[in-house]
>>> print(open('start-v3.txt').read())   # compact mmCIF, C-alpha atoms
# COMPACT_ATOMS: atom_id res chain seq x y z
CA MET O 1 110.17 66.61 167.33
CA THR O 2 109.92 66.65 163.54
CA PRO O 3 106.48 66.06 162.06
CA PRO O 4 106.11 63.10 159.69
CA THR O 5 106.61 63.82 156.00
CA GLY O 6 103.66 65.63 154.45
CA GLU O 7 102.39 66.92 157.81
CA ARG O 8 101.89 70.68 158.04
CA ARG O 9 103.50 72.54 160.94
CA PRO O 10 101.47 74.96 163.09
CA ALA O 11 101.70 78.49 161.74
CA SER O 12 102.59 81.32 164.10
CA SER O 13 100.26 84.27 163.71
CA THR O 14 103.08 86.53 164.88
CA ALA O 15 105.48 85.21 162.24
CA ILE O 16 102.81 85.58 159.56
CA ALA O 17 102.01 89.17 160.64
CA VAL O 18 105.70 90.14 160.75
CA GLY O 19 106.33 88.49 157.38
CA ALA O 20 103.41 90.37 155.84
CA GLN O 21 104.77 93.66 157.21
CA ILE O 22 108.27 92.98 155.85
CA SER O 23 106.88 92.14 152.41
CA ARG O 24 104.49 95.10 152.39
CA ARG O 25 107.15 97.61 153.46
CA ARG O 26 109.66 96.20 150.94
CA GLU O 27 107.11 96.56 148.12
CA GLN O 28 106.23 100.09 149.27
CA ARG O 29 109.92 100.97 148.96
CA GLY O 30 110.10 99.41 145.47
CA MET O 31 112.85 97.05 146.63
CA SER O 32 113.44 93.55 145.35
CA GLY O 33 113.89 90.72 147.82
CA ALA O 34 117.54 90.44 146.76
CA GLU O 35 118.13 94.16 147.45
CA LEU O 36 116.52 94.08 150.90
CA ALA O 37 118.40 90.90 151.82
CA ARG O 38 121.70 92.51 150.74
CA ARG O 39 121.03 95.74 152.67
CA ALA O 40 120.02 93.83 155.81
CA GLY O 41 122.93 91.36 155.58
CA LEU O 42 120.64 88.34 155.15
CA SER O 43 120.50 85.57 152.59
CA LYS O 44 117.70 85.73 150.02
CA ALA O 45 116.44 82.37 151.33
CA THR O 46 116.21 83.70 154.89
CA LEU O 47 114.28 86.78 153.75
CA SER O 48 111.95 84.61 151.67
CA GLN O 49 111.23 82.39 154.71
CA LEU O 50 110.56 85.45 156.89
CA GLU O 51 108.20 87.03 154.36
CA ALA O 52 106.34 83.73 154.03
CA GLY O 53 105.76 83.73 157.81
CA ARG O 54 107.88 80.61 158.32
CA GLY O 55 110.80 82.22 160.10
CA ASN O 56 111.69 82.92 163.70
CA PRO O 57 113.74 86.11 163.45
CA THR O 58 115.85 87.50 166.26
CA ILE O 59 115.46 91.10 167.39
CA GLU O 60 118.79 91.81 165.67
CA THR O 61 117.44 90.46 162.35
CA LEU O 62 114.26 92.54 162.65
CA ASP O 63 116.34 95.60 163.54
CA ALA O 64 118.56 95.07 160.49
CA LEU O 65 115.46 94.80 158.29
CA ALA O 66 113.91 97.93 159.82
CA ILE O 67 117.12 99.89 159.22
CA ALA O 68 117.36 98.63 155.63
CA LEU O 69 113.71 99.63 155.07
CA ARG O 70 114.23 102.98 156.84
CA ILE O 71 111.32 102.43 159.23
CA PRO O 72 110.98 102.11 163.02
CA LEU O 73 111.35 98.56 164.31
CA THR O 74 107.83 98.76 165.77
CA ASP O 75 106.41 99.10 162.24
CA LEU O 76 107.41 95.49 161.57
CA LEU O 77 105.54 94.36 164.68
CA ALA O 78 102.30 96.23 163.90
CA ARG O 79 99.25 94.02 163.38
CA ASP O 80 96.07 94.39 161.40
CA THR O 81 97.22 97.46 159.49
CA ASP O 82 96.64 95.53 156.27
CA PRO O 83 93.33 93.65 156.08
CA GLY O 84 94.90 90.87 154.08
CA PRO O 85 94.46 88.59 152.54
CA VAL O 86 96.18 86.61 155.29
CA PHE O 87 96.28 82.85 154.74
CA VAL O 88 97.01 80.49 157.65
CA PRO O 89 97.11 76.88 156.50
CA GLY O 90 95.49 74.21 158.64
CA THR O 91 97.82 71.88 160.52
CA ASP O 92 97.89 68.18 161.16
CA LEU O 93 97.58 66.77 164.64
CA ALA O 94 98.85 63.41 165.83
CA HIS O 95 96.14 61.05 167.08
CA GLY O 96 95.40 61.69 170.74
CA ASP O 97 97.18 65.06 170.86
CA VAL O 98 95.41 68.27 171.87
CA GLY O 99 96.04 71.16 169.52
CA ARG O 100 95.72 74.80 170.48
CA GLU O 101 96.82 77.47 168.01
CA LEU O 102 96.36 81.23 167.93
CA LEU O 103 95.09 81.83 164.41
CA ARG O 104 94.64 85.60 164.36
CA ARG O 105 94.33 88.56 166.72
CA ILE O 106 91.67 91.13 165.90
CA SER O 107 92.37 94.60 167.19
CA SER O 108 89.91 96.38 169.43
CA GLY O 109 87.54 98.98 168.10
CA ASN O 110 85.64 96.42 166.03
CA SER O 111 82.17 95.01 166.13
CA LEU O 112 82.40 91.23 165.70
CA GLU O 113 79.83 88.90 164.18
CA ILE O 114 80.33 85.14 164.06
CA TRP O 115 78.50 83.27 161.32
CA ARG O 116 78.32 79.64 160.25
CA LEU O 117 78.31 79.26 156.46
CA ARG O 118 77.27 75.90 155.02
CA MET O 119 77.45 75.56 151.24
CA PRO O 120 76.38 72.57 149.17
CA PRO O 121 78.60 71.18 146.39
CA ASP O 122 79.02 73.17 143.16
CA THR O 123 77.73 76.45 144.61
CA HIS O 124 78.92 80.00 143.87
CA LEU O 125 78.09 82.97 146.10
CA ASP O 126 79.21 86.54 145.48
CA GLY O 127 79.91 88.44 148.71
CA VAL O 128 78.44 91.90 148.94
CA PRO O 129 81.11 94.41 150.03
CA HIS O 130 80.66 95.43 153.67
CA ALA O 131 81.38 98.79 155.33
CA THR O 132 84.83 100.36 154.77
CA GLY O 133 87.44 98.78 157.03
CA THR O 134 85.61 95.46 157.46
CA THR O 135 87.71 92.29 157.56
CA GLU O 136 86.33 88.78 157.06
CA HIS O 137 87.95 85.74 158.66
CA LEU O 138 87.05 82.28 157.31
CA LEU O 139 87.91 79.07 159.17
CA VAL O 140 87.07 75.91 157.23
CA SER O 141 85.61 73.16 159.44
CA SER O 142 84.98 70.62 156.69
CA GLY O 143 84.99 70.36 152.94
CA ARG O 144 86.85 72.52 150.45
CA LEU O 145 86.16 76.09 149.47
CA THR O 146 87.60 78.72 147.15
CA ALA O 147 87.06 82.14 148.71
CA GLY O 148 88.39 85.63 149.27
CA PRO O 149 88.91 88.71 147.13
CA ALA O 150 87.16 88.28 143.76
CA ASP O 151 90.39 88.92 141.85
CA THR O 152 92.63 86.65 143.99
CA PRO O 153 90.60 83.88 145.68
CA THR O 154 92.37 81.18 147.72
CA ASP O 155 91.72 77.42 147.77
CA LEU O 156 90.94 76.42 151.35
CA HIS O 157 90.94 73.02 153.06
CA PRO O 158 89.73 71.88 156.52
CA GLY O 159 91.60 73.79 159.22
CA ASP O 160 92.70 76.65 156.91
CA LEU O 161 92.07 80.26 157.92
CA LEU O 162 91.81 83.16 155.48
CA ALA O 163 91.41 86.83 156.46
CA PHE O 164 90.71 89.44 153.78
CA ALA O 165 89.21 92.88 153.23
CA GLY O 166 85.45 92.42 153.31
CA ASP O 167 84.83 95.92 151.97
CA ALA O 168 85.76 94.86 148.44
CA PRO O 169 84.11 92.37 146.05
CA HIS O 170 84.65 88.81 147.27
CA LEU O 171 83.37 85.33 146.58
CA TYR O 172 82.77 81.86 148.03
CA ARG O 173 82.75 78.78 145.75
CA THR O 174 82.53 75.04 146.39
CA GLY O 175 83.50 72.24 144.02
CA ALA O 176 82.49 68.60 144.26
CA GLU O 177 82.04 68.63 148.04
CA ALA O 178 80.07 70.73 150.51
CA ALA O 179 81.82 73.11 152.92
CA ASP O 180 81.17 74.11 156.53
CA VAL O 181 82.87 77.39 157.41
CA THR O 182 82.97 79.68 160.46
CA VAL O 183 82.95 83.33 159.33
CA VAL O 184 83.98 86.14 161.69
CA ILE O 185 83.20 89.62 160.37
CA ALA O 186 85.09 92.44 162.10
CA SER O 187 83.65 95.87 161.28
CA PRO O 188 84.82 99.23 162.65
CA ILE O 189 82.57 100.65 165.34
CA ILE O 190 81.04 103.90 164.11
CA SER O 191 80.72 106.45 166.91
>>> encode(input="start-v3.txt", output="structure tokens")
Amino acid sequence: MTPPTGERRPASSTAIAVGAQISRRREQRGMSGAELARRAGLSKATLSQLEAGRGNPTIETLDALAIALRIPLTDLLARDTDPGPVFVPGTDLAHGDVGRELLRRISSGNSLEIWRLRMPPDTHLDGVPHATGTTEHLLVSSGRLTAGPADTPTDLHPGDLLAFAGDAPHLYRTGAEAADVTVVIASPIIS
């Protein structure tokens, strides 16, 4: 079933994580998208879709990418090795439908805190960097918010999720409307 025009499709957290790994490993190797696509036998458009987290690659495709990147296949499937930012856009839901989407897995070994952040219109808040290795996850319930790393904030809408390194300078900013946001802070457990 194809969603109506303008409707956003549910994002797969697995596809987003794999896409982030492909992009990260390609950049670490100093390769252009065109070069990686050529070495893996893919079109540039296919690689672009995969890196954007909008693809559904076969094992053979992932294997070809891993070989072209000179890394084990499992490296492309690793999660939470990069604290982000990871942006998962909100999705539309047809009236009467029930929606259930995995937005993000958080690896074990973390202490989790769940906060509700409510900000009035035209408000700016600088986030104080947390302990090393901390990741913040923001899920916008209502309103609009610009948030994330201070140097690369993201515009968020209701239903959007953003995960980013909370151990660096970050910010939260509203415009003309208030925002209601669930914040999950995952910090490493210190033994």
>>> residues_around(input="start-v3.txt", residues="Glu27 (chain O)", least_positions_apart="5", cutoff="12 Å", atoms="only C-alpha atoms", output="JSON, numbers by chain")
{"O": [20, 21, 22, 32, 33, 35, 36, 51, 69]}
>>> closest_residue(input="start-v3.txt", among="O:Glu177, O:Asp126, O:Asp167, O:Glu113", to="Arg144 (chain O)", atoms="all atoms listed in the file")
O:Glu177
>>> residues_around(input="start-v3.txt", residues="region 147-160 of chain O", least_positions_apart="2", cutoff="10 Å", atoms="only C-alpha atoms", output="PyMOL selection string")
chain O and resi 84-92+103+124-127+136-145+162-174+179-181
>>> residues_around(input="start-v3.txt", residues="region 72-77 of chain O", least_positions_apart="5", cutoff="10 Å", atoms="only C-alpha atoms", output="list in words")
Thr14, Ala15, Ala17, Val18, Gly19, Ala20, Gln21, Ile22, Ser23, Arg24, Arg25, Ile59, Leu62, Asp63, Ala64, Leu65, Ala66 and Ile67 of chain O
>>> atom_distance(input="start-v3.txt", atom1="CA of Thr182 (chain O)", atom2="CA of Thr135 (chain O)")
13.8 Å
>>> residues_around(input="start-v3.txt", residues="Lys44 (chain O)", least_positions_apart="3", cutoff="8 Å", atoms="all atoms listed in the file", output="compact mmCIF listing (two decimals) with C-alpha atoms, keeping the file's coordinate frame")
# COMPACT_ATOMS: atom_id res chain seq x y z
CA GLY O 33 113.89 90.72 147.82
CA ALA O 34 117.54 90.44 146.76
CA ALA O 37 118.40 90.90 151.82
CA ARG O 38 121.70 92.51 150.74
CA LEU O 47 114.28 86.78 153.75
CA SER O 48 111.95 84.61 151.67
>>> atom_distance(input="start-v3.txt", atom1="CA of His130 (chain O)", atom2="CA of Ile114 (chain O)")
14.6 Å
>>> atom_distance(input="start-v3.txt", atom1="CA of Arg29 (chain O)", atom2="CA of Arg70 (chain O)")
9.2 Å
